[in-house]
Structure formats: C-alpha cells, structure tokens
Amino acid sequence: MSPSPAIRAAARRAIVAFAILAACYVSVAYGLAPAWWRHYERQGALADKAMTTRTSLGIPGDALNVGLEGRRDDVLCAMRAAGWRPADPVNWRSSAKIVGSVLLRRAYPTAPVSDLVYDGHRQDLAFEKPSGASPSTRHHVRLWQALEAGDDGLPVWLGAATFDRSVGVSHFTGQVTHHVDADIDAERDFLTADLAAAGIVEASYWVSGVGPTLFGRNGGGDRYFTDGEIAFSRLSENCESRPGAPPVPPSSPAIQAKNRLFAWAAALWRRFR
C-alpha cells in the first residue's frame, strides 16, 4: 500500500527542511564562523600559514599558541630573564640522562625535548621550566622563526607551549614520550605572564591561531583544547627592563564574544571529561 499524498508531501517538506538546515550548518560552521573569529590586525603575513605543527612522521602535532617579536639574542635573553632555560639537544647522552632523572626522580632542568616540524623544519629553539622533582613534569615551549621581519621590522617567532604532566607511551606509535596537559591555553598564559613579570615585554596582542578546538589531539594522541588564539609578546631590545604591565589592545567584540562562548564550553569540558 503506497503512502497517501499527505504523507508524501510531509516527507518532501521534511527532506527540504533537513537540506536547508544542513546547508545553514555547513555555511556557518565552515564559512561564517571561521571568518568571524579570524583576525590579523597585527602580523597579517601569518594569515596564510598553518597553525599546527607535525611530528617527524607527518602526524599533526601541537597547536601553535604563543608568538614573540624580537631578534634571536633578545629571545634567548628574555626567556632566561623569565626563568626558562634552553633544552639540551637530543642525543644518546641527554636521552640516557633524562631516563635516569625520571626513574630516580632527579632534577634535570635542561632536559631535551623531542623534535616537532613546522614549515618544513624542526624547532629553532626550545626552552623549559621545571615543575617537580624530575623532568616527568615540566613547562616547555618550542619556537620557530616564522617571519624574518614582521609588521615592526622584527623577526616573528611562533611557538607551541605545553605542560608535560607525565611520561608514558604515544597512543599512535607506542614510543616513549611525555603526555601533555589538555589545557594548552593555561600554558600559553603561564609563559606570557612569566615574560611580562620579567619586565622585558614592550607590548602584547592577540592574533588568530588554530581556532576554537575542544577535541584536538597532538602527535602523541593526547587531547587538547584551546580558544585558538596566539598570545604575542614584543620583546624589549637587549633585555632592557620596562616597569609595569605591557599594554594589551582590546579584542574586537566578535572575538570577545567567541572567547566567552568558548570559555563556557571549555568549563563544561573540564567538568565532565
């Protein structure tokens, strides 16, 4: 028995309504929303660059969440002033030392970090700050020089700052690695605050990064979430001390609204994860 004309008409209306809703979702989620929150009032040359690193195997790695303006010597001086130390290069000696320091819970404040790749090359610089008795937990950041000269004529660096919460094995490869804390915005803010407290930041501002992400995964398979913003610090030349907090221009109303919405979603994520 075939459906009645009324049922067929109702089914057609339902199909049309679903198609309209699907089209609206795709337009908003993949068109309007990303355009709404993308902003490059500063460092417009970054707009076309990727905002996620990759592992040596080509697996998507950590999201970029910090930026610096300054010459290499200024970066080295600023990080030292903020209490962060350069990580040792990865070799058999440093690898054996970090294994021993983790097993015996001994300090190793310059323990090596594994390589990640951005824009075709591994990190130019890596720094860390201890958090605990051994390097099984630590703050660390990898930095790449993304532009030789940005809006202010200074080199522009992009970095991925994360907090190592434990040692384990990669969910993707089974290799021994550090597992990172999911809240990468907290680590971004921690590093930015350290630099500002050291008095060597002339100005701070925000640009778009990977975009709002609640269920990202890095190269080791660890989940992460982020509001998708990159916190930039323009460093003072020659580590010249500058008293007071650096000025931070306000974000646009659209970005403020996006961040409020994301903060609400992230709070739910933390509560129920």
# chains A, B, ... in the order shown; residues from 1 in each chain; ligands from 1
$ closest_atom_pairs --of "stretch 154-253 of chain A" --to "stretch 55-78 of chain A" --cutoff "8 Å" --atoms "only C-alpha atoms" --output "Markdown table"
| residue | atom | partner | partner_atom | distance |
| --- | --- | --- | --- | --- |
| A:Leu154 | CA | A:Gly70 | CA | 5.5 |
| A:Pro155 | CA | A:Gly70 | CA | 5.5 |
| A:Val156 | CA | A:Glu69 | CA | 4.8 |
| A:Trp157 | CA | A:Leu68 | CA | 5.0 |
| A:Leu158 | CA | A:Gly67 | CA | 4.5 |
| A:Gly159 | CA | A:Val66 | CA | 5.0 |
| A:Ala160 | CA | A:Leu64 | CA | 4.4 |
| A:Ala161 | CA | A:Asn65 | CA | 6.6 |
| A:Ile184 | CA | A:Asn65 | CA | 7.8 |
| A:Asp185 | CA | A:Asn65 | CA | 7.3 |
| A:Arg188 | CA | A:Val66 | CA | 6.1 |
| A:Thr192 | CA | A:Val66 | CA | 7.9 |
| A:Leu195 | CA | A:Ala78 | CA | 6.9 |
| A:Ala198 | CA | A:Ala78 | CA | 7.8 |
| A:Ile200 | CA | A:Ala78 | CA | 6.4 |
| A:Gly209 | CA | A:Leu64 | CA | 6.6 |
| A:Val210 | CA | A:Ala63 | CA | 6.5 |
| A:Arg217 | CA | A:Gly61 | CA | 7.5 |
| A:Asn218 | CA | A:Gly61 | CA | 4.3 |
| A:Gly219 | CA | A:Gly61 | CA | 4.1 |
| A:Gly220 | CA | A:Gly61 | CA | 7.6 |
| A:Gly228 | CA | A:Asn65 | CA | 7.3 |
| A:Glu229 | CA | A:Asn65 | CA | 6.4 |
| A:Ile230 | CA | A:Asn65 | CA | 4.4 |
| A:Ala231 | CA | A:Val66 | CA | 4.9 |
| A:Phe232 | CA | A:Gly67 | CA | 4.3 |
| A:Ser233 | CA | A:Leu68 | CA | 5.0 |
| A:Arg234 | CA | A:Glu69 | CA | 4.5 |
| A:Leu235 | CA | A:Gly70 | CA | 5.6 |
| A:Ser236 | CA | A:Asp74 | CA | 7.4 |
| A:Glu237 | CA | A:Asp74 | CA | 6.2 |
| A:Asn238 | CA | A:Asp74 | CA | 5.8 |
| A:Cys239 | CA | A:Ala78 | CA | 6.1 |
$ atom_distance --atom1 "atom CA of A:Asp124" --atom2 "atom CA of A:Arg223"
25.0 Å
$ residues_around --residues "A:Trp84" --least-positions-apart "2" --cutoff "6 Å" --atoms "only C-alpha atoms" --output "PyMOL selection string"
chain A and resi 79-80+82+127-129
$ select_by_dssp --residues "stretch 61-221 of chain A" --states "helix (DSSP H, G or I)" --output "PyMOL selection string"
chain A and resi 72-81+92-103+184-197
$ write_last_selection --atoms "N, CA and C atoms" --output "short mmCIF file (atom, residue, chain, number, x, y, z; two decimals), in the first residue's frame"
data_model
loop_
_atom_site.label_atom_id
_atom_site.label_comp_id
_atom_site.auth_asym_id
_atom_site.auth_seq_id
_atom_site.Cartn_x
_atom_site.Cartn_y
_atom_site.Cartn_z
N ARG A 72 66.97 36.98 17.72
CA ARG A 72 67.29 35.73 18.41
C ARG A 72 67.93 35.97 19.77
N ASP A 73 68.89 36.91 19.83
CA ASP A 73 69.55 37.19 21.11
C ASP A 73 68.56 37.75 22.12
N ASP A 74 67.58 38.53 21.65
CA ASP A 74 66.57 39.06 22.56
C ASP A 74 65.66 37.95 23.08
N VAL A 75 65.35 36.98 22.23
CA VAL A 75 64.53 35.84 22.68
C VAL A 75 65.28 35.05 23.74
N LEU A 76 66.55 34.75 23.49
CA LEU A 76 67.35 33.99 24.45
C LEU A 76 67.45 34.73 25.78
N CYS A 77 67.68 36.04 25.72
CA CYS A 77 67.81 36.84 26.94
C CYS A 77 66.48 36.92 27.68
N ALA A 78 65.38 37.12 26.95
CA ALA A 78 64.07 37.25 27.58
C ALA A 78 63.65 35.96 28.27
N MET A 79 63.86 34.83 27.62
CA MET A 79 63.47 33.56 28.21
C MET A 79 64.30 33.27 29.46
N ARG A 80 65.56 33.62 29.41
CA ARG A 80 66.41 33.44 30.60
C ARG A 80 65.93 34.34 31.73
N ALA A 81 65.59 35.58 31.41
CA ALA A 81 65.11 36.51 32.43
C ALA A 81 63.79 36.03 33.04
N TRP A 92 72.41 10.64 22.48
CA TRP A 92 72.38 9.46 23.34
C TRP A 92 72.67 9.83 24.79
N ARG A 93 73.54 10.84 24.98
CA ARG A 93 73.90 11.22 26.34
C ARG A 93 72.71 11.88 27.06
N SER A 94 72.07 12.86 26.39
CA SER A 94 70.94 13.55 27.03
C SER A 94 69.75 12.60 27.17
N SER A 95 69.57 11.67 26.22
CA SER A 95 68.47 10.72 26.32
C SER A 95 68.66 9.79 27.51
N ALA A 96 69.89 9.32 27.71
CA ALA A 96 70.17 8.46 28.87
C ALA A 96 70.00 9.24 30.17
N LYS A 97 70.38 10.51 30.15
CA LYS A 97 70.30 11.31 31.37
C LYS A 97 68.85 11.57 31.76
N ILE A 98 67.98 11.83 30.76
CA ILE A 98 66.59 12.11 31.11
C ILE A 98 65.89 10.85 31.60
N VAL A 99 66.24 9.69 31.05
CA VAL A 99 65.66 8.43 31.54
C VAL A 99 66.05 8.21 32.99
N GLY A 100 67.34 8.42 33.30
CA GLY A 100 67.80 8.25 34.66
C GLY A 100 67.17 9.24 35.62
N SER A 101 67.00 10.48 35.17
CA SER A 101 66.44 11.50 36.05
C SER A 101 64.97 11.23 36.35
N VAL A 102 64.24 10.68 35.36
CA VAL A 102 62.83 10.34 35.59
C VAL A 102 62.71 9.15 36.54
N LEU A 103 63.51 8.11 36.29
CA LEU A 103 63.42 6.90 37.11
C LEU A 103 63.86 7.16 38.55
N ILE A 184 46.02 23.75 26.91
CA ILE A 184 47.22 24.41 26.39
C ILE A 184 47.11 25.93 26.51
N ASP A 185 45.89 26.46 26.68
CA ASP A 185 45.76 27.90 26.90
C ASP A 185 46.37 28.30 28.24
N ALA A 186 46.24 27.43 29.24
CA ALA A 186 46.81 27.72 30.56
C ALA A 186 48.33 27.84 30.45
N GLU A 187 48.95 26.98 29.64
CA GLU A 187 50.40 27.05 29.49
C GLU A 187 50.82 28.27 28.68
N ARG A 188 50.04 28.60 27.66
CA ARG A 188 50.27 29.84 26.91
C ARG A 188 50.26 31.04 27.84
N ASP A 189 49.25 31.10 28.69
CA ASP A 189 49.12 32.24 29.61
C ASP A 189 50.22 32.25 30.67
N PHE A 190 50.67 31.06 31.07
CA PHE A 190 51.75 30.95 32.05
C PHE A 190 53.04 31.54 31.50
N LEU A 191 53.40 31.16 30.28
CA LEU A 191 54.63 31.69 29.67
C LEU A 191 54.51 33.18 29.43
N THR A 192 53.37 33.64 28.93
CA THR A 192 53.18 35.06 28.66
C THR A 192 53.29 35.88 29.94
N ALA A 193 52.74 35.36 31.03
CA ALA A 193 52.82 36.06 32.32
C ALA A 193 54.26 36.10 32.83
N ASP A 194 55.01 35.01 32.64
CA ASP A 194 56.42 34.99 33.06
C ASP A 194 57.21 36.07 32.34
N LEU A 195 57.00 36.20 31.04
CA LEU A 195 57.73 37.20 30.27
C LEU A 195 57.35 38.61 30.72
N ALA A 196 56.06 38.84 30.93
CA ALA A 196 55.62 40.17 31.38
C ALA A 196 56.17 40.49 32.76
N ALA A 197 56.17 39.50 33.67
CA ALA A 197 56.67 39.73 35.03
C ALA A 197 58.16 40.03 35.04
#
$ atom_distance --atom1 "atom CA of A:Pro112" --atom2 "atom CA of A:Val180"
15.2 Å
$ select_by_dssp --residues "stretch 100-235 of chain A" --states "strand (DSSP E or B)" --output "ChimeraX atom specification"
/A:117-118,121-122,125-130,138-147,156-169,176-180,183,201-208,213-217,223-226,229-235
$ write_last_selection --atoms "C-alpha atoms" --output "PDB file, in the first residue's frame"
ATOM      1  CA  VAL A 117      58.251  20.155  12.500  1.00  0.00           C
ATOM      2  CA  TYR A 118      56.722  23.430  11.356  1.00  0.00           C
ATOM      3  CA  HIS A 121      61.892  22.290   9.662  1.00  0.00           C
ATOM      4  CA  ARG A 122      62.245  21.335  13.294  1.00  0.00           C
ATOM      5  CA  LEU A 125      64.733  26.977  19.853  1.00  0.00           C
ATOM      6  CA  ALA A 126      63.294  25.051  22.806  1.00  0.00           C
ATOM      7  CA  PHE A 127      63.006  26.128  26.431  1.00  0.00           C
ATOM      8  CA  GLU A 128      61.661  24.621  29.629  1.00  0.00           C
ATOM      9  CA  LYS A 129      60.928  25.426  33.242  1.00  0.00           C
ATOM     10  CA  PRO A 130      60.964  22.680  35.895  1.00  0.00           C
ATOM     11  CA  ARG A 138      57.685  20.417  33.255  1.00  0.00           C
ATOM     12  CA  HIS A 139      56.687  23.529  31.340  1.00  0.00           C
ATOM     13  CA  HIS A 140      58.188  23.732  27.874  1.00  0.00           C
ATOM     14  CA  VAL A 141      57.901  25.576  24.579  1.00  0.00           C
ATOM     15  CA  ARG A 142      59.277  25.038  21.073  1.00  0.00           C
ATOM     16  CA  LEU A 143      59.851  28.102  18.876  1.00  0.00           C
ATOM     17  CA  TRP A 144      60.176  28.574  15.123  1.00  0.00           C
ATOM     18  CA  GLN A 145      61.152  31.779  13.334  1.00  0.00           C
ATOM     19  CA  ALA A 146      58.116  32.235  11.099  1.00  0.00           C
ATOM     20  CA  LEU A 147      58.967  35.636   9.554  1.00  0.00           C
ATOM     21  CA  VAL A 156      58.486  36.919  14.307  1.00  0.00           C
ATOM     22  CA  TRP A 157      58.528  33.632  16.213  1.00  0.00           C
ATOM     23  CA  LEU A 158      55.703  31.164  16.621  1.00  0.00           C
ATOM     24  CA  GLY A 159      55.711  28.647  19.454  1.00  0.00           C
ATOM     25  CA  ALA A 160      53.870  25.689  20.912  1.00  0.00           C
ATOM     26  CA  ALA A 161      53.782  25.879  24.715  1.00  0.00           C
ATOM     27  CA  THR A 162      52.565  22.802  26.605  1.00  0.00           C
ATOM     28  CA  PHE A 163      52.828  21.311  30.084  1.00  0.00           C
ATOM     29  CA  ASP A 164      54.222  17.781  30.406  1.00  0.00           C
ATOM     30  CA  ARG A 165      52.094  16.050  33.064  1.00  0.00           C
ATOM     31  CA  SER A 166      53.616  12.544  32.910  1.00  0.00           C
ATOM     32  CA  VAL A 167      55.800  10.110  30.995  1.00  0.00           C
ATOM     33  CA  GLY A 168      54.132   7.325  29.021  1.00  0.00           C
ATOM     34  CA  VAL A 169      53.842   5.926  25.516  1.00  0.00           C
ATOM     35  CA  VAL A 176      58.060   6.557  24.955  1.00  0.00           C
ATOM     36  CA  THR A 177      57.006  10.194  25.243  1.00  0.00           C
ATOM     37  CA  HIS A 178      55.628  12.837  27.568  1.00  0.00           C
ATOM     38  CA  HIS A 179      51.872  13.233  27.876  1.00  0.00           C
ATOM     39  CA  VAL A 180      50.751  16.858  27.883  1.00  0.00           C
ATOM     40  CA  ASP A 183      44.602  22.909  28.702  1.00  0.00           C
ATOM     41  CA  VAL A 201      57.844  42.969  27.122  1.00  0.00           C
ATOM     42  CA  GLU A 202      57.064  46.227  25.316  1.00  0.00           C
ATOM     43  CA  ALA A 203      53.582  45.250  24.138  1.00  0.00           C
ATOM     44  CA  SER A 204      51.214  42.284  23.965  1.00  0.00           C
ATOM     45  CA  TYR A 205      48.466  41.465  21.478  1.00  0.00           C
ATOM     46  CA  TRP A 206      46.458  38.569  20.038  1.00  0.00           C
ATOM     47  CA  VAL A 207      46.163  37.009  16.581  1.00  0.00           C
ATOM     48  CA  SER A 208      44.253  34.002  15.330  1.00  0.00           C
ATOM     49  CA  THR A 213      39.145  23.494  19.429  1.00  0.00           C
ATOM     50  CA  LEU A 214      37.637  21.270  22.119  1.00  0.00           C
ATOM     51  CA  PHE A 215      38.695  17.808  20.948  1.00  0.00           C
ATOM     52  CA  GLY A 216      42.115  18.228  19.349  1.00  0.00           C
ATOM     53  CA  ARG A 217      44.811  15.549  19.510  1.00  0.00           C
ATOM     54  CA  ARG A 223      43.722  15.509  23.779  1.00  0.00           C
ATOM     55  CA  TYR A 224      43.949  19.285  23.954  1.00  0.00           C
ATOM     56  CA  PHE A 225      41.551  22.212  23.912  1.00  0.00           C
ATOM     57  CA  THR A 226      42.138  25.869  23.092  1.00  0.00           C
ATOM     58  CA  GLU A 229      44.248  32.455  19.990  1.00  0.00           C
ATOM     59  CA  ILE A 230      48.006  33.147  19.857  1.00  0.00           C
ATOM     60  CA  ALA A 231      49.348  35.436  22.597  1.00  0.00           C
ATOM     61  CA  PHE A 232      52.094  37.669  21.203  1.00  0.00           C
ATOM     62  CA  SER A 233      54.786  39.486  23.196  1.00  0.00           C
ATOM     63  CA  ARG A 234      57.007  42.122  21.606  1.00  0.00           C
ATOM     64  CA  LEU A 235      60.295  41.855  23.487  1.00  0.00           C
TER      65      LEU A 235
END
$ atom_distance --atom1 "atom CA of A:Pro212" --atom2 "atom CA of A:Ala245"
27.0 Å
